[in-house]
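Have a look at start_3.cif below; it lists mmCIF, C-alpha atoms.
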```
data_start
#
loop_
_atom_site.label_atom_id
_atom_site.label_comp_id
_atom_site.auth_asym_id
_atom_site.auth_seq_id
_atom_site.Cartn_x
_atom_site.Cartn_y
_atom_site.Cartn_z
CA MET A 110 191.15 -3.50 -148.73
CA CYS A 111 192.21 -2.23 -145.33
CA PRO A 112 191.19 0.61 -143.00
CA HIS A 113 192.78 3.97 -143.55
CA ARG A 114 195.52 4.16 -140.96
CA TYR A 115 199.11 5.28 -140.78
CA TYR A 116 201.35 2.49 -142.09
CA PRO A 117 205.13 2.05 -141.62
CA LEU A 118 207.16 3.13 -144.64
CA ALA A 119 210.74 2.52 -145.71
CA LYS A 120 212.53 5.83 -146.16
CA GLY A 121 213.24 6.63 -149.81
CA GLU A 122 216.04 8.70 -151.28
CA VAL A 123 215.56 12.36 -150.44
CA ARG A 124 217.70 15.19 -151.78
CA GLY A 125 216.83 18.46 -150.14
CA ASP A 126 213.12 19.01 -150.69
CA ALA A 127 212.94 16.68 -153.70
CA ILE A 128 212.12 13.01 -154.08
CA VAL A 129 214.29 11.43 -156.77
CA CYS A 130 213.27 8.61 -159.08
CA GLY A 131 216.14 6.11 -159.21
CA TYR A 132 215.37 5.07 -162.80
CA HIS A 133 215.77 8.32 -164.78
CA GLY A 134 216.55 10.84 -162.04
CA PHE A 135 213.22 12.69 -162.22
CA GLN A 136 212.81 14.98 -159.23
CA PHE A 137 209.50 15.85 -157.56
CA ASP A 138 208.83 18.50 -154.94
CA ALA A 139 206.90 17.91 -151.73
CA LYS A 140 203.57 18.54 -153.51
CA GLY A 141 204.29 15.95 -156.21
CA LYS A 142 205.10 18.35 -159.06
CA CYS A 143 207.90 17.28 -161.39
CA VAL A 144 210.58 19.96 -161.03
CA CYS A 145 213.46 18.38 -162.94
CA ILE A 146 213.97 15.88 -165.76
CA PRO A 147 217.75 15.64 -166.28
CA SER A 148 217.45 14.71 -169.97
CA GLN A 149 215.32 17.81 -170.63
CA LYS A 150 217.16 20.23 -168.34
CA GLY A 151 213.87 21.29 -166.80
CA GLY A 152 210.64 20.17 -165.19
CA ALA A 153 207.29 19.12 -166.65
CA ASN A 154 203.61 19.86 -166.20
CA PHE A 155 202.67 16.65 -164.47
CA GLU A 156 202.35 15.61 -160.88
CA GLN A 157 202.44 12.46 -158.84
CA PRO A 158 199.94 11.80 -156.03
CA THR A 159 201.33 12.63 -152.61
CA TYR A 160 200.59 11.22 -149.19
CA LEU A 161 201.02 12.56 -145.71
CA LEU A 162 204.09 11.34 -143.82
CA VAL A 163 204.97 11.46 -140.16
CA GLU A 164 208.56 10.83 -139.10
CA LYS A 165 208.44 9.47 -135.58
CA GLY A 166 211.76 8.31 -134.24
CA TYR A 167 212.79 4.98 -135.69
CA LEU A 168 209.95 4.78 -138.23
CA THR A 169 208.33 6.88 -140.92
CA TRP A 170 204.55 6.48 -141.27
CA ILE A 171 202.42 7.07 -144.38
CA TRP A 172 198.71 7.98 -144.54
CA MET A 173 197.15 6.77 -147.79
CA GLY A 174 193.55 7.78 -147.11
CA ASP A 175 191.64 11.06 -147.06
CA PRO A 176 194.21 13.62 -145.83
CA GLU A 177 191.51 15.45 -143.88
CA LYS A 178 191.03 12.35 -141.73
CA ALA A 179 194.72 11.89 -140.97
CA ASP A 180 195.31 11.63 -137.24
CA PRO A 181 198.85 11.00 -135.93
CA ASN A 182 197.29 9.81 -132.67
CA LEU A 183 196.37 6.61 -134.53
CA ILE A 184 200.06 5.67 -134.67
CA PRO A 185 200.58 2.91 -132.09
CA PRO A 186 202.02 4.15 -128.76
CA TYR A 187 205.76 3.52 -128.79
CA GLU A 188 205.94 3.52 -125.01
CA SER A 189 203.90 0.30 -124.95
CA PHE A 190 206.63 -1.69 -126.65
CA GLY A 191 209.85 0.17 -125.92
CA LEU A 192 210.48 1.88 -129.26
CA ASP A 193 212.43 5.15 -128.91
CA GLN A 194 212.15 4.91 -125.13
CA PRO A 195 214.84 5.52 -122.49
CA GLY A 196 216.31 2.31 -121.14
CA TRP A 197 215.48 0.40 -124.33
CA ALA A 198 217.46 -0.54 -127.43
CA VAL A 199 216.42 -1.52 -130.96
CA SER A 200 217.97 -4.36 -132.93
CA GLY A 201 217.24 -5.71 -136.38
CA GLY A 202 215.39 -3.26 -138.57
CA ASP A 203 214.89 -5.58 -141.53
CA TYR A 204 212.62 -5.54 -144.59
CA PHE A 205 210.90 -8.44 -146.32
CA HIS A 206 208.79 -8.43 -149.46
CA LEU A 207 205.92 -10.84 -148.93
CA LYS A 208 204.21 -12.09 -152.08
CA ALA A 209 200.89 -12.63 -150.31
CA ARG A 210 198.13 -10.51 -148.84
CA ALA A 211 198.72 -8.96 -145.44
CA GLN A 212 195.87 -10.85 -143.77
CA LEU A 213 197.70 -14.16 -144.19
CA LEU A 214 200.70 -12.68 -142.39
CA ILE A 215 198.48 -11.34 -139.60
CA ASP A 216 196.81 -14.75 -139.20
CA ASN A 217 200.26 -16.32 -138.95
CA ILE A 218 201.65 -14.10 -136.23
CA MET A 219 198.42 -14.21 -134.20
CA ASP A 220 198.87 -17.97 -133.71
CA LEU A 221 202.16 -18.93 -132.07
CA THR A 222 201.29 -22.62 -131.91
CA HIS A 223 203.03 -22.88 -135.29
CA LEU A 224 206.40 -22.28 -133.58
CA PRO A 225 207.47 -25.92 -133.03
CA HIS A 226 206.45 -26.85 -136.58
CA ILE A 227 207.72 -23.98 -138.74
CA HIS A 228 210.49 -22.80 -136.40
CA HIS A 229 211.50 -26.13 -134.89
CA HIS A 230 215.14 -25.03 -134.62
CA VAL A 231 214.21 -22.61 -131.79
CA PRO A 232 214.44 -24.42 -128.42
CA GLY A 233 211.28 -24.45 -126.34
CA GLY A 234 208.82 -23.71 -129.14
CA ASP A 235 206.57 -26.57 -128.09
CA THR A 236 205.85 -24.60 -124.92
CA PHE A 237 203.31 -22.59 -126.92
CA LEU A 238 201.19 -25.70 -127.40
CA SER A 239 200.21 -25.53 -123.72
CA GLY A 240 199.05 -22.95 -121.22
CA LYS A 241 195.98 -20.75 -120.95
CA ARG A 242 195.02 -17.84 -123.20
CA LYS A 243 192.66 -14.93 -122.98
CA VAL A 244 191.88 -12.02 -125.29
CA VAL A 245 191.22 -8.53 -123.90
CA GLU A 246 190.63 -5.06 -125.33
CA THR A 247 193.01 -2.29 -124.26
CA ASP A 248 192.82 1.42 -125.02
CA PHE A 249 195.05 0.94 -128.06
CA SER A 250 195.02 -2.72 -129.02
CA LEU A 251 193.40 -6.12 -129.13
CA ARG A 252 195.60 -8.20 -126.82
CA GLN A 253 196.13 -11.90 -126.29
CA LEU A 254 197.72 -13.03 -123.03
CA HIS A 255 199.24 -16.50 -123.00
CA VAL A 256 200.57 -17.93 -119.74
CA MET A 257 202.58 -21.17 -119.61
CA THR A 258 203.41 -22.39 -116.11
CA ASP A 259 205.87 -25.04 -114.89
CA GLN A 260 208.09 -24.84 -117.97
CA PRO A 261 211.75 -25.94 -118.06
CA TRP A 262 214.60 -23.55 -118.69
CA SER A 263 215.55 -23.67 -122.38
CA ASP A 264 218.66 -22.98 -124.44
CA PHE A 265 216.86 -19.99 -125.95
CA PHE A 266 216.80 -18.43 -122.48
CA ASN A 267 220.55 -19.03 -122.26
CA PHE A 268 220.92 -17.16 -125.53
CA LEU A 269 218.89 -14.21 -124.25
CA TRP A 270 220.09 -13.82 -120.67
CA GLY A 271 223.22 -15.96 -120.42
CA GLN A 272 223.81 -19.40 -119.00
CA GLU A 273 224.60 -17.90 -115.61
CA SER A 274 220.90 -17.03 -115.34
CA ALA A 275 219.82 -20.65 -115.78
CA THR A 276 217.79 -22.37 -113.11
CA SER A 277 216.91 -26.00 -112.46
CA ASN A 278 213.47 -24.89 -111.28
CA THR A 279 210.56 -24.52 -113.66
CA VAL A 280 209.54 -21.03 -114.78
CA THR A 281 206.36 -19.23 -115.83
CA ILE A 282 206.48 -17.92 -119.39
CA ASN A 283 204.24 -15.02 -120.41
CA SER A 284 203.54 -14.04 -124.00
CA MET A 285 201.67 -10.87 -124.90
CA THR A 286 200.50 -10.23 -128.47
CA ASP A 287 199.10 -6.78 -129.25
CA PHE A 288 197.27 -6.06 -132.51
CA TYR A 289 197.41 -2.28 -132.94
CA GLY A 290 195.32 -2.21 -136.09
CA PRO A 291 196.25 -3.53 -139.53
CA GLU A 292 199.70 -1.97 -139.56
CA LEU A 293 201.56 -3.12 -136.44
CA VAL A 294 201.75 -6.13 -134.14
CA ARG A 295 203.89 -6.54 -131.02
CA ILE A 296 204.77 -10.01 -129.78
CA SER A 297 206.50 -10.08 -126.44
CA GLY A 298 208.70 -12.64 -125.13
CA PRO A 299 209.37 -14.77 -123.68
CA TRP A 300 208.75 -12.80 -120.50
CA LEU A 301 209.58 -14.75 -117.35
CA THR A 302 207.88 -14.21 -114.00
CA ASP A 303 207.81 -15.87 -110.62
CA ARG A 304 205.97 -19.18 -110.61
CA GLY A 305 202.33 -18.72 -111.57
CA VAL A 306 202.47 -14.91 -111.91
CA GLU A 307 200.66 -13.51 -114.93
CA VAL A 308 201.73 -10.40 -116.86
CA GLU A 309 198.69 -8.23 -117.50
CA ASP A 310 200.30 -5.23 -119.18
CA SER A 311 203.54 -3.96 -120.68
CA PHE A 312 204.68 -2.39 -117.41
CA SER A 313 204.40 -5.51 -115.23
CA GLU A 314 207.56 -6.68 -113.53
CA THR A 315 209.45 -9.70 -114.86
CA THR A 316 212.30 -11.70 -113.37
CA HIS A 317 214.46 -11.18 -116.47
CA GLY A 318 214.77 -8.54 -119.17
CA LYS A 319 212.02 -7.93 -121.70
CA VAL A 320 212.21 -8.31 -125.46
CA ASN A 321 209.52 -7.43 -128.01
CA PHE A 322 209.31 -8.55 -131.63
CA ILE A 323 207.72 -5.82 -133.75
CA HIS A 324 205.90 -6.66 -136.99
CA GLY A 325 205.12 -3.74 -139.31
CA MET A 326 202.95 -4.29 -142.38
CA THR A 327 202.16 -1.97 -145.27
CA LEU A 328 199.91 -3.15 -148.07
CA GLU A 329 201.40 -3.01 -151.56
CA THR A 330 198.72 -4.84 -153.60
CA ASP A 331 195.96 -7.36 -152.90
CA ASN A 332 198.61 -10.07 -153.03
CA SER A 333 201.81 -8.43 -151.79
CA THR A 334 202.93 -6.80 -148.57
CA HIS A 335 205.84 -4.70 -147.34
CA TYR A 336 206.94 -6.36 -144.10
CA PHE A 337 209.21 -4.68 -141.55
CA GLY A 338 210.77 -6.36 -138.53
CA MET A 339 212.69 -5.21 -135.49
CA GLN A 340 213.21 -6.04 -131.83
CA THR A 341 213.13 -3.82 -128.77
CA LEU A 342 214.80 -4.91 -125.53
CA ASN A 343 215.62 -3.46 -122.11
CA PHE A 344 218.66 -5.60 -121.28
CA ARG A 345 222.20 -6.00 -122.68
CA LEU A 346 221.80 -2.51 -124.11
CA ASP A 347 225.50 -2.02 -124.87
CA ASP A 348 226.08 -5.54 -126.24
CA GLU A 349 226.19 -4.87 -129.99
CA ALA A 350 227.21 -8.46 -130.79
CA PHE A 351 224.14 -9.78 -128.98
CA GLY A 352 221.92 -7.26 -130.78
CA ARG A 353 223.23 -8.49 -134.15
CA ALA A 354 222.80 -12.13 -133.10
CA LEU A 355 219.22 -11.50 -131.96
CA GLY A 356 218.50 -9.76 -135.25
CA ASP A 357 219.94 -12.70 -137.20
CA VAL A 358 217.78 -15.19 -135.30
CA ASP A 359 214.71 -13.04 -135.94
CA VAL A 360 215.44 -12.76 -139.67
CA THR A 361 215.69 -16.55 -139.95
CA ILE A 362 212.34 -16.95 -138.23
CA ARG A 363 210.59 -14.31 -140.32
CA LEU A 364 211.94 -15.73 -143.57
CA GLN A 365 210.54 -19.12 -142.59
CA ASP A 366 207.16 -17.47 -142.06
CA VAL A 367 207.41 -15.74 -145.44
CA ASP A 368 208.21 -19.07 -147.14
CA ALA A 369 205.33 -20.81 -145.36
CA ILE A 370 202.80 -18.10 -146.25
CA GLU A 371 203.91 -17.89 -149.87
CA ALA A 372 203.74 -21.69 -150.13
CA VAL A 373 199.95 -21.55 -149.87
CA LYS A 374 199.81 -19.65 -153.16
CA ASN A 375 198.87 -21.49 -156.31
CA GLY A 376 199.03 -19.65 -159.62
CA GLY A 377 198.13 -16.31 -158.06
CA ILE A 378 195.12 -17.80 -156.23
CA THR A 379 195.86 -18.86 -152.69
CA ARG A 380 195.13 -22.40 -151.69
CA VAL A 381 193.23 -20.88 -148.78
CA ASP A 382 190.82 -19.25 -151.24
CA TRP A 383 190.63 -22.44 -153.27
CA ALA A 384 189.87 -24.56 -150.22
CA SER A 385 187.33 -22.11 -148.77
CA GLY A 386 185.18 -22.63 -151.85
CA ARG A 387 185.01 -26.35 -151.12
CA GLN A 388 184.74 -26.66 -147.36
CA LYS A 389 184.14 -24.61 -144.24
CA GLU A 390 187.20 -23.07 -142.66
CA LEU A 391 188.67 -25.20 -139.90
CA VAL A 392 189.00 -23.10 -136.76
CA ALA A 393 190.93 -24.44 -133.78
CA VAL A 394 191.11 -22.99 -130.27
CA ALA A 395 194.47 -21.41 -131.14
CA ASP A 396 192.74 -19.44 -133.93
CA ARG A 397 190.69 -17.42 -131.47
CA MET A 398 192.93 -14.37 -131.61
CA ALA A 399 193.14 -14.41 -135.42
CA SER A 400 189.34 -14.64 -135.62
CA ARG A 401 188.95 -11.68 -133.26
CA VAL A 402 191.45 -9.70 -135.31
CA ARG A 403 189.51 -10.38 -138.51
CA GLN A 404 186.36 -9.15 -136.80
CA LYS A 405 188.25 -6.06 -135.62
CA ILE A 406 189.40 -5.22 -139.15
CA LYS A 407 185.90 -5.80 -140.51
CA SER A 408 184.40 -3.40 -137.95
CA MET A 409 187.06 -0.79 -138.78
CA LEU A 410 186.14 -1.03 -142.46
CA GLU A 411 182.43 -0.77 -141.71
CA LEU A 412 183.03 2.41 -139.70
CA GLU A 413 184.74 3.97 -142.73
CA SER A 414 182.19 2.83 -145.32
#
```
The structure given in the file should be rewritten as structure tokens.
Amino acid sequence: MCPHRYYPLAKGEVRGDAIVCGYHGFQFDAKGKCVCIPSQKGGANFEQPTYLLVEKGYLTWIWMGDPEKADPNLIPPYESFGLDQPGWAVSGGDYFHLKARAQLLIDNIMDLTHLPHIHHHVPGGDTFLSGKRKVVETDFSLRQLHVMTDQPWSDFFNFLWGQESATSNTVTINSMTDFYGPELVRISGPWLTDRGVEVEDSFSETTHGKVNFIHGMTLETDNSTHYFGMQTLNFRLDDEAFGRALGDVDVTIRLQDVDAIEAVKNGGITRVDWASGRQKELVAVADRMASRVRQKIKSMLELES
């Protein structure tokens, strides 16, 4: 169960005003009425349920709740993370089918201390084991700010900005995670600033270009999730080879997360559920953001009940 919001949707096959079933070629109009069955040379007196869609730039969003409560203003603000914005580019645009409930994915991406363990091939991941964190409410999101000072330059920074940008001095790494509701999460970074300077919002200055990793989630069933991934960046805009390379790195990371999350499943019942019936959940300091997000989703559901 999840609050009624707009969720990202992969675009299906559209021919004119009709949606076409890829199995037998049935065609349905915008109201869900079957208008053509090729084997019968006509339509039929049955309809499929329909849902409101909003096409907004790079993404199409679906509203699966009460149509009278649909509000496009609930779609996360693209300007906050560089999607469809001047001076920004998009790379990636990949889809993953996660055989697990969406909440496990949300818990995963709220806690970046798993980086050096699950994604140990990425240089500098152990940086996320240190630093100070705080969680704040913004007008549109629940945000975690993570600041890591006196960190060495890593090979991942060379990949992003080029070896000519390398420095022998330590740097301050800022990470900003925004939970925009159950359907979208933005993870920034790394964002580099002058020594000790904290990034408080998306528009703060950084010493190097910005990159965001966008996580879109649409519930399929109680135990499966449509998972969309992309990156937005405001540097190397015309470097298509770099965009493809960044997308490839991101796909590798997300597939590792998918494998890790699905590994907790056991015969259709997650090991998390199994364990929770036998002992209290272990909550570490790094779980603070995930715990706040769970509370946020719970309050959203209570408002709709």
For this session: Find the residues near segment 197-209 of chain A: any atom within 10 Å, counting only C-alpha atoms, skip ones fewer than 6 places away on the same chain, and give them as a ChimeraX atom specification.
Result: /A:119,167-168,190-191,319-323,325-326,328-347,349,351-360,363-364,366-368,370-374,377-379
Problem set entry | Distance criterion (all atoms listed in the file): nearest to Ile146 of chain A out of A:Gly134, A:Pro291, A:Pro117, A:Gly386 | A:Gly134
Problem set entry | Output check: residues returned by the PyMOL selection byres ((chain A and resi 253-263) around 6), as a list in words | Gly233, Gly240, Lys241, Arg242, Lys243, Val244, Arg252, Asp264, Phe265, Phe266, Thr279, Val280, Thr281, Ile282, Asn283, Ser284, Met285, Thr286 and Gly305 of chain A
For this session: Excluding Pro176 of chain A and residues on its chain fewer than 3 positions from it, collect all residues at most 9 Å away from it, counting all atoms listed in the file, and give them as a list in words.
Result: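 So, after excluding close chain neighbours, the residues are Tyr160, Leu161, Trp172, Met173, Ala179 and Asp180 of chain A.
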Exercise. Taking only C-alpha atoms into account, which of A:Phe268, A:Glu273, A:Arg295, A:Thr327 comes nearest Arg210 of chain A?
Worked result: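 Looking at the shortest contact to Arg210 of chain A, the residue is A:Thr327.
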Using all atoms listed in the file, tabulate the residues of segment 155-228 of chain A lying at most 9 Å from any atom of segment 388-402 of chain A, each with its closest atom pair and that distance in Å to one decimal, by chain and increasing residue number, as a Markdown table.
```
| residue | atom | partner | partner_atom | distance |
| --- | --- | --- | --- | --- |
| A:Ile215 | CA | A:Ala399 | CA | 7.4 |
| A:Asp216 | CA | A:Ala399 | CA | 5.3 |
| A:Asn217 | CA | A:Ala399 | CA | 8.2 |
| A:Ile218 | CA | A:Ala399 | CA | 8.6 |
| A:Met219 | CA | A:Ala399 | CA | 5.4 |
| A:Asp220 | CA | A:Ala395 | CA | 6.1 |
| A:Leu221 | CA | A:Ala395 | CA | 8.1 |
| A:Thr222 | CA | A:Ala395 | CA | 7.0 |
```
Exercise. What gap, in Å, lies between atom CA of Asp310 of chain A and atom CA of Ser239 of chain A?
Worked result: 20.8 Å
Exercise. Skipping near chain neighbours, those fewer than 6 positions away, what residues fall within 10 Å of Tyr187 of chain A using all atoms listed in the file, listed as a ChimeraX atom specification?
Worked result: /A:165-167,193-194
Exercise. Just so the selection is clear, what residues does the PyMOL selection byres ((chain A and resi 170) around 7) cover here, as a PyMOL selection string?
Worked result: chain A and resi 115-118+162-164+168-169+171-172
Preceding selection exported with C-alpha atoms as a CSV table (one decimal), keeping the file's coordinate frame:
```
chain,number,residue,atom,x,y,z
A,115,TYR,CA,199.1,5.3,-140.8
A,116,TYR,CA,201.4,2.5,-142.1
A,117,PRO,CA,205.1,2.0,-141.6
A,118,LEU,CA,207.2,3.1,-144.6
A,162,LEU,CA,204.1,11.3,-143.8
A,163,VAL,CA,205.0,11.5,-140.2
A,164,GLU,CA,208.6,10.8,-139.1
A,168,LEU,CA,210.0,4.8,-138.2
A,169,THR,CA,208.3,6.9,-140.9
A,171,ILE,CA,202.4,7.1,-144.4
A,172,TRP,CA,198.7,8.0,-144.5
```
Exercise. Please, what distance in Å, to one decimal, runs between atom CA of Gln404 of chain A and atom CA of Val308 of chain A?
Worked result: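 Pair atom CA of Gln404 of chain A / atom CA of Val308 of chain A returns 25.2 Å.
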Exercise. In Å, with one decimal, what is the gap from atom CA of Thr316 of chain A to atom CA of Leu301 of chain A?
Worked result: 5.7 Å
For segment 263-269 of chain A, what centre and edge lengths in Å (one decimal) does the axis-aligned box get once 6 Å is added on each side of all its listed atoms, as lines of an AutoDock Vina configuration file?
```
center_x = 218.2
center_y = -18.9
center_z = -124.1
size_x = 17.4
size_y = 21.5
size_z = 15.7
```
Problem set entry | Counting all atoms listed in the file, the residue of A:Pro186, A:Pro225, A:Gly298, A:Pro195 that sits nearest Phe249 of chain A | A:Pro186
Seminar exercise, completed: Nearest to Asp287 of chain A, restricted to all atoms listed in the file and choosing among A:Leu251, A:Leu213, A:Val306, A:Leu238, comes out as A:Leu251
For this session: On this file, the PyMOL selection byres ((chain A and resi 137) around 10) gives some set of residues; write that set as a list in words.
Result: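 Those residues are Val123, Asp126, Ala127, Ile128, Val129, Cys130, Gly134, Phe135, Gln136, Asp138, Ala139, Lys140, Gly141, Lys142, Cys143, Val144, Cys145, Ile146, Gly152, Ala153, Phe155, Glu156 and Gln157 of chain A.
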Problem set entry | Top pick for closest residue to Ser189 of chain A, considering A:Thr315, A:Trp383, A:Glu307, A:Phe288 and counting only C-alpha atoms |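 For Ser189 of chain A, the nearest of the candidates is A:Phe288.
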